[in-house]
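For reference, query-v9.cif is printed below; it contains mmCIF, C-alpha atoms and all ligand atoms.
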data_model
#
loop_
_atom_site.group_PDB
_atom_site.id
_atom_site.type_symbol
_atom_site.label_atom_id
_atom_site.label_comp_id
_atom_site.auth_asym_id
_atom_site.auth_seq_id
_atom_site.Cartn_x
_atom_site.Cartn_y
_atom_site.Cartn_z
ATOM 1 C CA MET O 1 -1.795 -29.676 -2.142
ATOM 2 C CA THR O 2 -4.016 -28.541 -4.999
ATOM 3 C CA ARG O 3 -5.648 -25.205 -4.477
ATOM 4 C CA THR O 4 -9.311 -24.491 -4.758
ATOM 5 C CA VAL O 5 -9.913 -21.632 -7.162
ATOM 6 C CA TYR O 6 -13.039 -19.709 -8.093
ATOM 7 C CA VAL O 7 -14.263 -19.556 -11.715
ATOM 8 C CA ASN O 8 -17.593 -17.969 -12.649
ATOM 9 C CA GLY O 9 -19.612 -19.123 -9.686
ATOM 10 C CA ASP O 10 -17.833 -22.418 -8.989
ATOM 11 C CA TYR O 11 -15.171 -23.457 -6.513
ATOM 12 C CA VAL O 12 -13.012 -26.037 -8.303
ATOM 13 C CA PRO O 13 -9.616 -27.725 -7.899
ATOM 14 C CA GLU O 14 -7.033 -25.640 -9.773
ATOM 15 C CA ASP O 15 -6.372 -28.359 -12.366
ATOM 16 C CA GLN O 16 -10.054 -28.442 -13.299
ATOM 17 C CA ALA O 17 -10.459 -24.685 -13.768
ATOM 18 C CA ARG O 18 -11.256 -23.781 -17.387
ATOM 19 C CA ILE O 19 -11.392 -20.520 -19.352
ATOM 20 C CA SER O 20 -12.356 -20.245 -23.029
ATOM 21 C CA VAL O 21 -9.619 -19.692 -25.645
ATOM 22 C CA PHE O 22 -11.939 -16.929 -26.920
ATOM 23 C CA ASP O 23 -11.773 -15.074 -23.623
ATOM 24 C CA ARG O 24 -10.960 -11.419 -24.331
ATOM 25 C CA GLY O 25 -8.644 -11.367 -21.351
ATOM 26 C CA PHE O 26 -6.500 -13.931 -23.197
ATOM 27 C CA LEU O 27 -6.857 -12.384 -26.680
ATOM 28 C CA PHE O 28 -6.795 -8.639 -25.925
ATOM 29 C CA ALA O 29 -5.709 -8.287 -22.275
ATOM 30 C CA ASP O 30 -9.268 -6.963 -21.971
ATOM 31 C CA GLY O 31 -9.476 -7.430 -18.236
ATOM 32 C CA VAL O 32 -8.720 -5.857 -14.894
ATOM 33 C CA TYR O 33 -7.467 -7.263 -11.621
ATOM 34 C CA GLU O 34 -6.918 -6.674 -7.918
ATOM 35 C CA VAL O 35 -4.580 -8.229 -5.373
ATOM 36 C CA THR O 36 -5.690 -8.167 -1.750
ATOM 37 C CA SER O 37 -3.306 -9.193 1.005
ATOM 38 C CA VAL O 38 -4.115 -11.638 3.774
ATOM 39 C CA LEU O 39 -2.609 -11.333 7.247
ATOM 40 C CA ASP O 40 -3.661 -13.582 10.142
ATOM 41 C CA GLY O 41 -6.236 -15.096 7.751
ATOM 42 C CA LYS O 42 -7.909 -11.700 7.257
ATOM 43 C CA LEU O 43 -8.186 -9.325 4.297
ATOM 44 C CA ILE O 44 -6.286 -6.038 4.255
ATOM 45 C CA ASP O 45 -8.193 -3.014 2.920
ATOM 46 C CA PHE O 46 -10.841 -5.010 1.032
ATOM 47 C CA ALA O 47 -13.034 -1.919 0.646
ATOM 48 C CA GLY O 48 -10.248 0.006 -1.097
ATOM 49 C CA HIS O 49 -9.624 -2.806 -3.574
ATOM 50 C CA ALA O 50 -13.345 -3.247 -4.283
ATOM 51 C CA ALA O 51 -13.704 0.503 -4.928
ATOM 52 C CA ARG O 52 -10.722 0.582 -7.305
ATOM 53 C CA LEU O 53 -12.038 -2.495 -9.132
ATOM 54 C CA ALA O 54 -15.379 -0.727 -9.659
ATOM 55 C CA ARG O 55 -13.528 2.291 -11.057
ATOM 56 C CA SER O 56 -11.352 0.196 -13.415
ATOM 57 C CA LEU O 57 -14.466 -1.621 -14.707
ATOM 58 C CA ALA O 58 -16.353 1.646 -15.218
ATOM 59 C CA GLU O 59 -13.447 3.190 -17.174
ATOM 60 C CA LEU O 60 -13.620 0.217 -19.579
ATOM 61 C CA ASP O 61 -17.441 0.114 -19.803
ATOM 62 C CA MET O 62 -17.495 -3.294 -18.153
ATOM 63 C CA ALA O 63 -20.310 -4.333 -15.856
ATOM 64 C CA ALA O 64 -19.449 -5.487 -12.338
ATOM 65 C CA PRO O 65 -19.663 -9.303 -12.245
ATOM 66 C CA CYS O 66 -21.332 -9.261 -8.817
ATOM 67 C CA SER O 67 -21.880 -7.073 -5.772
ATOM 68 C CA ASP O 68 -19.108 -6.039 -3.361
ATOM 69 C CA ALA O 69 -20.754 -8.153 -0.663
ATOM 70 C CA GLU O 70 -20.582 -11.226 -2.922
ATOM 71 C CA LEU O 71 -16.968 -10.453 -3.780
ATOM 72 C CA LEU O 72 -16.115 -10.258 -0.091
ATOM 73 C CA GLU O 73 -17.793 -13.592 0.508
ATOM 74 C CA ILE O 74 -15.812 -15.238 -2.312
ATOM 75 C CA HIS O 75 -12.555 -13.770 -0.969
ATOM 76 C CA ARG O 76 -13.290 -15.100 2.506
ATOM 77 C CA ASP O 77 -14.404 -18.507 1.214
ATOM 78 C CA LEU O 78 -11.184 -18.928 -0.764
ATOM 79 C CA VAL O 79 -9.006 -17.871 2.175
ATOM 80 C CA ALA O 80 -10.773 -20.424 4.365
ATOM 81 C CA ARG O 81 -10.846 -23.266 1.797
ATOM 82 C CA ASN O 82 -7.120 -22.859 1.109
ATOM 83 C CA ASN O 83 -6.044 -22.247 4.716
ATOM 84 C CA VAL O 84 -4.327 -18.992 3.888
ATOM 85 C CA THR O 85 -3.036 -17.295 7.015
ATOM 86 C CA GLU O 86 -0.582 -15.063 5.159
ATOM 87 C CA GLY O 87 -0.575 -14.371 1.433
ATOM 88 C CA LEU O 88 -2.895 -12.907 -1.128
ATOM 89 C CA VAL O 89 -6.126 -13.231 -3.053
ATOM 90 C CA TYR O 90 -5.857 -12.485 -6.782
ATOM 91 C CA LEU O 91 -9.023 -11.434 -8.602
ATOM 92 C CA GLN O 92 -9.467 -10.951 -12.329
ATOM 93 C CA VAL O 93 -12.467 -9.818 -14.331
ATOM 94 C CA THR O 94 -12.424 -9.969 -18.123
ATOM 95 C CA ARG O 95 -15.003 -9.017 -20.721
ATOM 96 C CA GLY O 96 -15.442 -12.747 -21.289
ATOM 97 C CA ALA O 97 -15.525 -14.977 -24.376
ATOM 98 C CA ALA O 98 -16.728 -13.710 -27.748
ATOM 99 C CA ASP O 99 -15.751 -14.121 -31.423
ATOM 100 C CA ARG O 100 -12.473 -12.298 -31.917
ATOM 101 C CA ASP O 101 -13.293 -8.699 -32.814
ATOM 102 C CA PHE O 102 -11.670 -5.429 -31.710
ATOM 103 C CA ALA O 103 -15.107 -3.983 -30.985
ATOM 104 C CA TYR O 104 -16.533 -4.988 -27.630
ATOM 105 C CA PRO O 105 -19.262 -7.666 -27.847
ATOM 106 C CA GLU O 106 -22.777 -6.281 -27.519
ATOM 107 C CA HIS O 107 -23.840 -8.723 -24.838
ATOM 108 C CA PRO O 108 -20.693 -9.692 -22.941
ATOM 109 C CA SER O 109 -20.713 -12.282 -20.210
ATOM 110 C CA PRO O 110 -17.772 -11.382 -17.970
ATOM 111 C CA THR O 111 -15.310 -13.914 -16.639
ATOM 112 C CA LEU O 112 -14.566 -13.757 -12.911
ATOM 113 C CA VAL O 113 -11.616 -15.703 -11.563
ATOM 114 C CA LEU O 114 -10.072 -15.659 -8.096
ATOM 115 C CA PHE O 115 -7.247 -17.668 -6.569
ATOM 116 C CA THR O 116 -5.017 -17.526 -3.518
ATOM 117 C CA GLN O 117 -1.266 -17.659 -3.025
ATOM 118 C CA HIS O 118 0.596 -18.262 0.211
ATOM 119 C CA LYS O 119 3.316 -15.661 0.762
ATOM 120 C CA ILE O 120 5.387 -14.398 3.674
ATOM 121 C CA LEU O 121 4.485 -10.734 3.988
ATOM 122 C CA ALA O 122 5.049 -9.419 7.502
ATOM 123 C CA ASN O 123 8.538 -10.863 8.026
ATOM 124 C CA SER O 124 9.767 -10.306 4.490
ATOM 125 C CA PRO O 125 13.606 -10.282 4.383
ATOM 126 C CA VAL O 126 13.478 -7.363 1.924
ATOM 127 C CA ALA O 127 12.216 -5.119 4.730
ATOM 128 C CA GLU O 128 15.600 -5.609 6.449
ATOM 129 C CA LYS O 129 17.831 -5.700 3.387
ATOM 130 C CA GLY O 130 16.254 -3.095 1.132
ATOM 131 C CA LEU O 131 15.867 -3.103 -2.647
ATOM 132 C CA LYS O 132 18.282 -2.275 -5.439
ATOM 133 C CA ILE O 133 16.468 -0.459 -8.213
ATOM 134 C CA ILE O 134 17.383 0.311 -11.798
ATOM 135 C CA SER O 135 15.743 3.049 -13.828
ATOM 136 C CA VAL O 136 14.124 2.181 -17.162
ATOM 137 C CA GLU O 137 12.159 4.173 -19.696
ATOM 138 C CA ASP O 138 8.397 4.113 -19.042
ATOM 139 C CA ILE O 139 6.941 2.990 -22.369
ATOM 140 C CA ARG O 140 3.585 1.723 -21.035
ATOM 141 C CA TRP O 141 0.248 2.957 -22.384
ATOM 142 C CA GLY O 142 -1.322 6.229 -21.238
ATOM 143 C CA ARG O 143 -4.010 4.875 -18.889
ATOM 144 C CA ARG O 144 -1.959 3.404 -16.067
ATOM 145 C CA ASP O 145 -4.675 4.497 -13.626
ATOM 146 C CA ILE O 146 -6.748 1.529 -14.860
ATOM 147 C CA LYS O 147 -5.516 -1.716 -13.316
ATOM 148 C CA THR O 148 -5.494 -3.832 -16.471
ATOM 149 C CA VAL O 149 -3.824 -7.217 -16.942
ATOM 150 C CA GLN O 150 -1.564 -5.922 -19.743
ATOM 151 C CA LEU O 151 1.573 -6.310 -17.638
ATOM 152 C CA LEU O 152 4.124 -7.365 -20.225
ATOM 153 C CA TYR O 153 6.303 -4.254 -20.072
ATOM 154 C CA PRO O 154 6.452 -4.223 -16.248
ATOM 155 C CA SER O 155 7.396 -7.891 -16.516
ATOM 156 C CA MET O 156 10.161 -7.063 -19.038
ATOM 157 C CA ALA O 157 11.403 -4.242 -16.787
ATOM 158 C CA LYS O 158 11.573 -6.645 -13.844
ATOM 159 C CA MET O 159 13.715 -8.973 -15.975
ATOM 160 C CA MET O 160 15.978 -6.069 -16.989
ATOM 161 C CA ALA O 161 16.463 -5.396 -13.264
ATOM 162 C CA LYS O 162 17.268 -9.044 -12.553
ATOM 163 C CA LYS O 163 19.782 -9.207 -15.395
ATOM 164 C CA ALA O 164 21.452 -6.089 -14.004
ATOM 165 C CA GLY O 165 21.753 -7.749 -10.576
ATOM 166 C CA ALA O 166 19.034 -5.503 -9.093
ATOM 167 C CA ASP O 167 15.641 -6.319 -7.556
ATOM 168 C CA ASP O 168 13.220 -4.081 -9.397
ATOM 169 C CA ALA O 169 12.878 -1.118 -11.743
ATOM 170 C CA TRP O 170 11.481 2.396 -11.446
ATOM 171 C CA MET O 171 10.077 3.782 -14.654
ATOM 172 C CA VAL O 172 11.011 7.217 -15.962
ATOM 173 C CA GLU O 173 9.052 9.410 -18.355
ATOM 174 C CA ASP O 174 10.414 12.788 -19.507
ATOM 175 C CA GLY O 175 13.046 12.550 -16.782
ATOM 176 C CA LEU O 176 10.408 12.079 -14.074
ATOM 177 C CA ILE O 177 9.799 8.902 -12.086
ATOM 178 C CA THR O 178 6.322 7.500 -12.588
ATOM 179 C CA GLU O 179 6.273 4.356 -10.423
ATOM 180 C CA GLY O 180 7.797 0.918 -9.891
ATOM 181 C CA THR O 181 6.942 -2.124 -12.031
ATOM 182 C CA SER O 182 4.260 -3.165 -9.522
ATOM 183 C CA ASN O 183 4.440 -0.526 -6.790
ATOM 184 C CA ASN O 184 4.379 3.189 -6.073
ATOM 185 C CA ALA O 185 7.694 5.035 -5.642
ATOM 186 C CA TYR O 186 8.699 7.488 -2.890
ATOM 187 C CA ILE O 187 11.785 9.445 -1.913
ATOM 188 C CA VAL O 188 12.589 11.208 1.350
ATOM 189 C CA LYS O 189 14.602 14.424 1.338
ATOM 190 C CA GLY O 190 15.135 16.729 4.316
ATOM 191 C CA GLY O 191 12.390 14.878 6.205
ATOM 192 C CA ARG O 192 9.825 15.380 3.404
ATOM 193 C CA ILE O 193 8.158 12.378 1.776
ATOM 194 C CA ILE O 194 7.795 12.931 -1.965
ATOM 195 C CA THR O 195 5.675 10.747 -4.257
ATOM 196 C CA ARG O 196 4.154 11.290 -7.691
ATOM 197 C CA HIS O 197 0.716 12.963 -7.725
ATOM 198 C CA LEU O 198 -2.201 10.895 -9.029
ATOM 199 C CA GLY O 199 -3.188 11.058 -12.685
ATOM 200 C CA ASN O 200 -3.377 8.815 -15.749
ATOM 201 C CA GLU O 201 0.389 8.213 -15.485
ATOM 202 C CA ILE O 202 0.329 5.982 -12.397
ATOM 203 C CA LEU O 203 -1.893 3.534 -10.574
ATOM 204 C CA ALA O 204 -3.583 4.941 -7.470
ATOM 205 C CA GLY O 205 -2.154 2.411 -5.024
ATOM 206 C CA ILE O 206 -4.457 1.331 -2.221
ATOM 207 C CA THR O 207 -1.370 1.087 -0.027
ATOM 208 C CA ARG O 208 -0.294 4.565 -1.197
ATOM 209 C CA THR O 209 -3.567 6.076 0.043
ATOM 210 C CA ALA O 210 -3.164 4.408 3.440
ATOM 211 C CA ILE O 211 0.535 5.272 3.796
ATOM 212 C CA LEU O 212 0.029 8.944 2.951
ATOM 213 C CA ARG O 213 -2.773 9.148 5.510
ATOM 214 C CA PHE O 214 -0.660 7.475 8.206
ATOM 215 C CA ALA O 215 2.328 9.698 7.381
ATOM 216 C CA ARG O 216 0.231 12.857 7.696
ATOM 217 C CA GLU O 217 -1.348 11.601 10.926
ATOM 218 C CA ALA O 218 2.192 11.085 12.278
ATOM 219 C CA GLN O 219 2.944 14.766 11.412
ATOM 220 C CA MET O 220 5.266 13.851 8.550
ATOM 221 C CA VAL O 221 5.369 16.273 5.611
ATOM 222 C CA VAL O 222 4.086 14.781 2.348
ATOM 223 C CA GLU O 223 4.530 16.292 -1.118
ATOM 224 C CA GLU O 224 2.518 14.727 -3.938
ATOM 225 C CA ARG O 225 4.443 15.831 -7.009
ATOM 226 C CA ALA O 226 6.585 14.479 -9.804
ATOM 227 C CA PHE O 227 10.292 14.074 -8.979
ATOM 228 C CA THR O 228 13.284 13.525 -11.224
ATOM 229 C CA LEU O 229 15.623 10.549 -11.379
ATOM 230 C CA GLU O 230 18.428 12.919 -10.275
ATOM 231 C CA GLU O 231 16.432 13.952 -7.189
ATOM 232 C CA ALA O 232 15.839 10.309 -6.380
ATOM 233 C CA LYS O 233 19.532 9.455 -6.619
ATOM 234 C CA ALA O 234 20.356 12.332 -4.265
ATOM 235 C CA ALA O 235 17.589 11.459 -1.765
ATOM 236 C CA ASP O 236 18.228 10.629 1.905
ATOM 237 C CA GLU O 237 16.150 7.480 1.517
ATOM 238 C CA ALA O 238 13.563 5.909 -0.758
ATOM 239 C CA PHE O 239 10.892 3.246 -0.584
ATOM 240 C CA ILE O 240 8.043 1.548 -2.440
ATOM 241 C CA THR O 241 4.539 0.548 -1.409
ATOM 242 C CA SER O 242 2.138 -2.109 -2.678
ATOM 243 C CA ALA O 243 -0.526 -4.420 -1.305
ATOM 244 C CA THR O 244 1.877 -7.358 -0.981
ATOM 245 C CA SER O 245 5.091 -5.536 -0.027
ATOM 246 C CA PHE O 246 3.427 -2.960 2.296
ATOM 247 C CA VAL O 247 6.509 -0.715 2.581
ATOM 248 C CA HIS O 248 9.864 -1.886 1.253
ATOM 249 C CA PRO O 249 12.941 0.309 1.587
ATOM 250 C CA VAL O 250 15.083 1.154 -1.450
ATOM 251 C CA VAL O 251 18.826 1.330 -0.776
ATOM 252 C CA GLN O 252 20.217 1.861 -4.275
ATOM 253 C CA ILE O 253 19.028 3.502 -7.511
ATOM 254 C CA ASP O 254 21.208 2.665 -10.541
ATOM 255 C CA ASP O 255 24.740 3.278 -9.226
ATOM 256 C CA ALA O 256 23.705 5.715 -6.475
ATOM 257 C CA VAL O 257 23.713 4.233 -2.966
ATOM 258 C CA LEU O 258 21.198 6.065 -0.741
ATOM 259 C CA GLY O 259 22.312 7.164 2.727
ATOM 260 C CA ASN O 260 24.519 4.451 4.192
ATOM 261 C CA GLY O 261 23.014 1.755 1.978
ATOM 262 C CA THR O 262 20.657 0.361 4.619
ATOM 263 C CA PRO O 263 16.893 0.911 5.087
ATOM 264 C CA GLY O 264 16.099 4.447 6.225
ATOM 265 C CA PRO O 265 14.172 5.447 9.367
ATOM 266 C CA VAL O 266 11.113 6.867 7.578
ATOM 267 C CA ALA O 267 10.519 3.662 5.602
ATOM 268 C CA ARG O 268 11.015 1.576 8.751
ATOM 269 C CA ARG O 269 8.615 3.681 10.773
ATOM 270 C CA LEU O 270 5.934 3.720 8.063
ATOM 271 C CA ARG O 271 6.166 -0.056 7.660
ATOM 272 C CA GLU O 272 5.643 -0.501 11.418
ATOM 273 C CA ILE O 273 2.692 1.893 11.514
ATOM 274 C CA TYR O 274 1.116 0.308 8.434
ATOM 275 C CA LEU O 275 1.452 -3.265 9.711
ATOM 276 C CA GLU O 276 -0.030 -2.421 13.075
ATOM 277 C CA ALA O 277 -2.939 -0.446 11.618
ATOM 278 C CA CYS O 278 -3.698 -3.090 8.975
ATOM 279 C CA ARG O 279 -3.708 -5.963 11.398
ATOM 280 C CA SER O 280 -6.252 -4.243 13.591
ATOM 281 C CA ALA O 281 -8.479 -3.145 10.670
ATOM 282 C CA ALA O 282 -8.320 -6.447 8.682
ATOM 283 C CA ILE O 283 -11.633 -8.202 8.064
HETATM 284 N N1 LIG E 301 1.612 0.742 -9.340
HETATM 285 C C1 LIG E 301 1.549 -0.359 -10.110
HETATM 286 C C2 LIG E 301 1.944 -0.255 -11.548
HETATM 287 C C3 LIG E 301 1.132 -1.592 -9.567
HETATM 288 O O1 LIG E 301 1.063 -2.688 -10.349
HETATM 289 C C4 LIG E 301 0.799 -1.662 -8.194
HETATM 290 C C5 LIG E 301 0.390 -2.958 -7.566
HETATM 291 N N2 LIG E 301 -0.580 -3.638 -8.247
HETATM 292 C C6 LIG E 301 0.879 -0.493 -7.430
HETATM 293 C C7 LIG E 301 1.288 0.682 -8.032
HETATM 294 C C8 LIG E 301 0.533 -0.498 -5.972
HETATM 295 O O2 LIG E 301 -0.865 -0.597 -5.783
HETATM 296 P P1 LIG E 301 -1.455 -1.275 -4.461
HETATM 297 O O3 LIG E 301 -0.874 -0.507 -3.297
HETATM 298 O O4 LIG E 301 -2.910 -1.084 -4.589
HETATM 299 O O5 LIG E 301 -1.013 -2.697 -4.477
#
Can the structure in the file be given as structure tokens, please?
Ligand code: PMP
Amino acid sequence: MTRTVYVNGDYVPEDQARISVFDRGFLFADGVYEVTSVLDGKLIDFAGHAARLARSLAELDMAAPCSDAELLEIHRDLVARNNVTEGLVYLQVTRGAADRDFAYPEHPSPTLVLFTQHKILANSPVAEKGLKIISVEDIRWGRRDIKTVQLLYPSMAKMMAKKAGADDAWMVEDGLITEGTSNNAYIVKGGRIITRHLGNEILAGITRTAILRFAREAQMVVEERAFTLEEAKAADEAFITSATSFVHPVVQIDDAVLGNGTPGPVARRLREIYLEACRSAAI
């Protein structure tokens, strides 16, 4: 079945969607994106994603392509037109097409593209099996708080993990873990949940915000601070969060097996709480 995708105001079959070769997203990775999950045909945390999109755009002096209400309508339309009960909506905004020039065009006309993907989220086998992680040097740019489409290094790191027989990579800068290739990283030690504090070094995950709130509401102790690779390898358990994985347990970091090598209780509990809360708050 061909998907219906959204391009600059039109809903079109995916094979008829067109973007200019002069689009600055294509030429300069001059664009930002969001991924919103769909469960039971409804959007998870749309407001959080819309707010982060607005922030990413503002940091790059890009105008919003439309209002949040219009964005919500497009998301819902696409979910309905493509019969998505479980999966995701991908949204990308670029500065649009202009003659190739490093300077931003004076009168940009932004490109807005959205499409859907079906994906099993709630019953993901990874939740039961856990992830094997390798550590790699974090050589990304210094503004990881902006959700740009320049994802080549995270993509390379994912391939390094695959080649090493692992599932994903955590990135390390000055001996400290920043985050996963496409997720936030957490360890649990002595009952305390430790995850990197926000800053330019990591993306402020929408799932991270929700998980930390739920953890605190459940009387769990949360420490938002940088942690070392050594601390991570000696942790009782570890996990990641992202919009499409929710909470996935980590069972191995490089050659260090965590606990007994199976998903830990904190990750399991947080995944349960998150799924339940999201289902009831989805729109
Ligand atoms: N960090 C990075 C680098 C990411 O790419 C993502 C997912 N896009 C996240 C963290 C998690 O963010 P979210 O919970 O909003 O999906």
Determine the residue set returned by the PyMOL selection byres (((chain O and resi 45) around 8) and not hetatm) for the present structure, and present it as JSON, numbers by chain.
{"O": [36, 43, 44, 46, 47, 48, 49, 206, 278, 281, 282]}
Selection near Arg271 in chain O, 7 Å with only C-alpha atoms, sequence-local residues under 3 positions removed, as a compact mmCIF listing (two decimals) with C-alpha atoms, keeping the file's coordinate frame:
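Result file follows (part35.txt):
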# COMPACT_ATOMS: atom_id res chain seq x y z
CA PHE O 246 3.43 -2.96 2.30
CA VAL O 247 6.51 -0.72 2.58
CA ALA O 267 10.52 3.66 5.60
CA ARG O 268 11.02 1.58 8.75
CA TYR O 274 1.12 0.31 8.43
CA LEU O 275 1.45 -3.26 9.71
Nearby polymer residues, ligand LIG 301 (chain E), at most 8 Å, only C-alpha atoms and all ligand atoms, as a ChimeraX atom specification
/O:34-36,49,144,147,154,179-184,202-209,241-244,246
Could you write out as a ChimeraX atom specification the residues that the PyMOL selection byres (((chain O and resi 178) around 12) and not hetatm) matches in the shown file?
/O:135-140,142,144-145,169-177,179-186,195-204,224-229,232,240
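Our summary of the geometry notes that CA of Leu91 in chain O is positioned 5.8 Å from CA of Val113 in chain O.
Put simply, CA of Lys132 in chain O is 6.2 Å away from CA of Ile253 in chain O.
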Surrounding residues of range 155-164 of chain O excluding itself and chain neighbours under 2 positions, 8 Å, all atoms listed in the file, as a list in words
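Counting only the stated atoms, we get Ile133, Ile134, Val136, Leu151, Leu152, Tyr153, Ala166, Asp167, Asp168, Ala169 and Thr181 of chain O.
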So, counting only C-alpha atoms, which residue among O:Ala210, O:Ala234, O:Val251, O:Ala218 is closest to Gly130 in chain O?
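Looking only at the distances to Gly130 in chain O, the closest residue turns out to be O:Val251.
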At a cut-off of 10 Å around the point (-9.6, -9.8, -33.8) (file coordinates), what residues fall inside when counting only C-alpha atoms? I'd like the answer as an NGL selection string.
:O and (24 or 27-28 or 99-103)
Pick out the residues sitting within 8 Å of Leu121 in chain O, and hand them over as a PDB file with C-alpha atoms, keeping the file's coordinate frame; count all atoms listed in the file, and ignore anything fewer than 4 positions along from it in its own chain.
ATOM      1  CA  LEU O  39      -2.609 -11.333   7.247  1.00  0.00           C
ATOM      2  CA  GLU O  86      -0.582 -15.063   5.159  1.00  0.00           C
ATOM      3  CA  GLY O  87      -0.575 -14.371   1.433  1.00  0.00           C
ATOM      4  CA  THR O 244       1.877  -7.358  -0.981  1.00  0.00           C
ATOM      5  CA  SER O 245       5.091  -5.536  -0.027  1.00  0.00           C
TER       6      SER O 245
END
Result set of the PyMOL selection byres (((chain O and resi 221) around 9) and not hetatm) on the coordinates above, as a compact mmCIF listing (two decimals) with C-alpha atoms, in the coordinates of the input:
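Generated output (selection.txt):
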# COMPACT_ATOMS: atom_id res chain seq x y z
CA GLY O 191 12.39 14.88 6.20
CA ARG O 192 9.82 15.38 3.40
CA ILE O 193 8.16 12.38 1.78
CA ILE O 194 7.80 12.93 -1.96
CA ALA O 215 2.33 9.70 7.38
CA ARG O 216 0.23 12.86 7.70
CA GLN O 219 2.94 14.77 11.41
CA MET O 220 5.27 13.85 8.55
CA VAL O 222 4.09 14.78 2.35
CA GLU O 223 4.53 16.29 -1.12
Where's the centre, and what are the edge lengths in Å to one decimal, of a box along x, y and z enclosing all listed atoms of range 268-280 of chain O padded 3 Å per side, as lines of an AutoDock Vina configuration file?
center_x = 2.4
center_y = -1.1
center_z = 10.6
size_x = 23.3
size_y = 15.7
size_z = 11.9
By how many Å are CA of Met1 in chain O and CA of Ala17 in chain O apart?
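So the answer is 15.3 Å.
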Calculated over all atoms listed in the file, which of the candidates O:Val38, O:Ala29, O:Leu112, O:Leu88 has the smallest distance to Ala64 in chain O?
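Of the candidates, the smallest distance to Ala64 in chain O is held by O:Leu112.
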O:Ala235, O:Ala63, O:Ala80, O:Ile211 ranked by distance to Thr4 in chain O, top pick (using all atoms listed in the file):
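Closest to Thr4 in chain O of all the choices is O:Ala80.
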Which residue out of O:Ile120, O:Met62, O:Leu114, O:Ala97 has the minimum interatomic distance to Glu14 in chain O when all atoms listed in the file are used?
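Closest candidate: O:Leu114.
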Can you list, as a PDB file with C-alpha atoms, in the coordinates of the input, every protein, DNA or RNA residue that comes within 10 Å of range 260-262 of chain O when you count only C-alpha atoms, leaving out same-chain residues fewer than 4 positions away?
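Full text of out-v8.pdb as output:
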ATOM      1  CA  GLU O 128      15.600  -5.609   6.449  1.00  0.00           C
ATOM      2  CA  LYS O 129      17.831  -5.700   3.387  1.00  0.00           C
ATOM      3  CA  GLY O 130      16.254  -3.095   1.132  1.00  0.00           C
ATOM      4  CA  LEU O 131      15.867  -3.103  -2.647  1.00  0.00           C
ATOM      5  CA  LYS O 132      18.282  -2.275  -5.439  1.00  0.00           C
ATOM      6  CA  ASP O 236      18.228  10.629   1.905  1.00  0.00           C
ATOM      7  CA  GLU O 237      16.150   7.480   1.517  1.00  0.00           C
ATOM      8  CA  PRO O 249      12.941   0.309   1.587  1.00  0.00           C
ATOM      9  CA  VAL O 250      15.083   1.154  -1.450  1.00  0.00           C
ATOM     10  CA  VAL O 251      18.826   1.330  -0.776  1.00  0.00           C
ATOM     11  CA  GLN O 252      20.217   1.861  -4.275  1.00  0.00           C
ATOM     12  CA  ALA O 256      23.705   5.715  -6.475  1.00  0.00           C
TER      13      ALA O 256
END
O:Ala50, O:Gly96, O:Thr85, O:Pro265: which is nearest Ala69 in chain O, counting all atoms listed in the file?
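That would be O:Ala50, the residue with the smallest distance to Ala69 in chain O.
Closest approach to Thr148 in chain O from the set O:Ile273, O:Val257, O:Val93, O:Ala127 is made by O:Val93, with distances taken over all atoms listed in the file.
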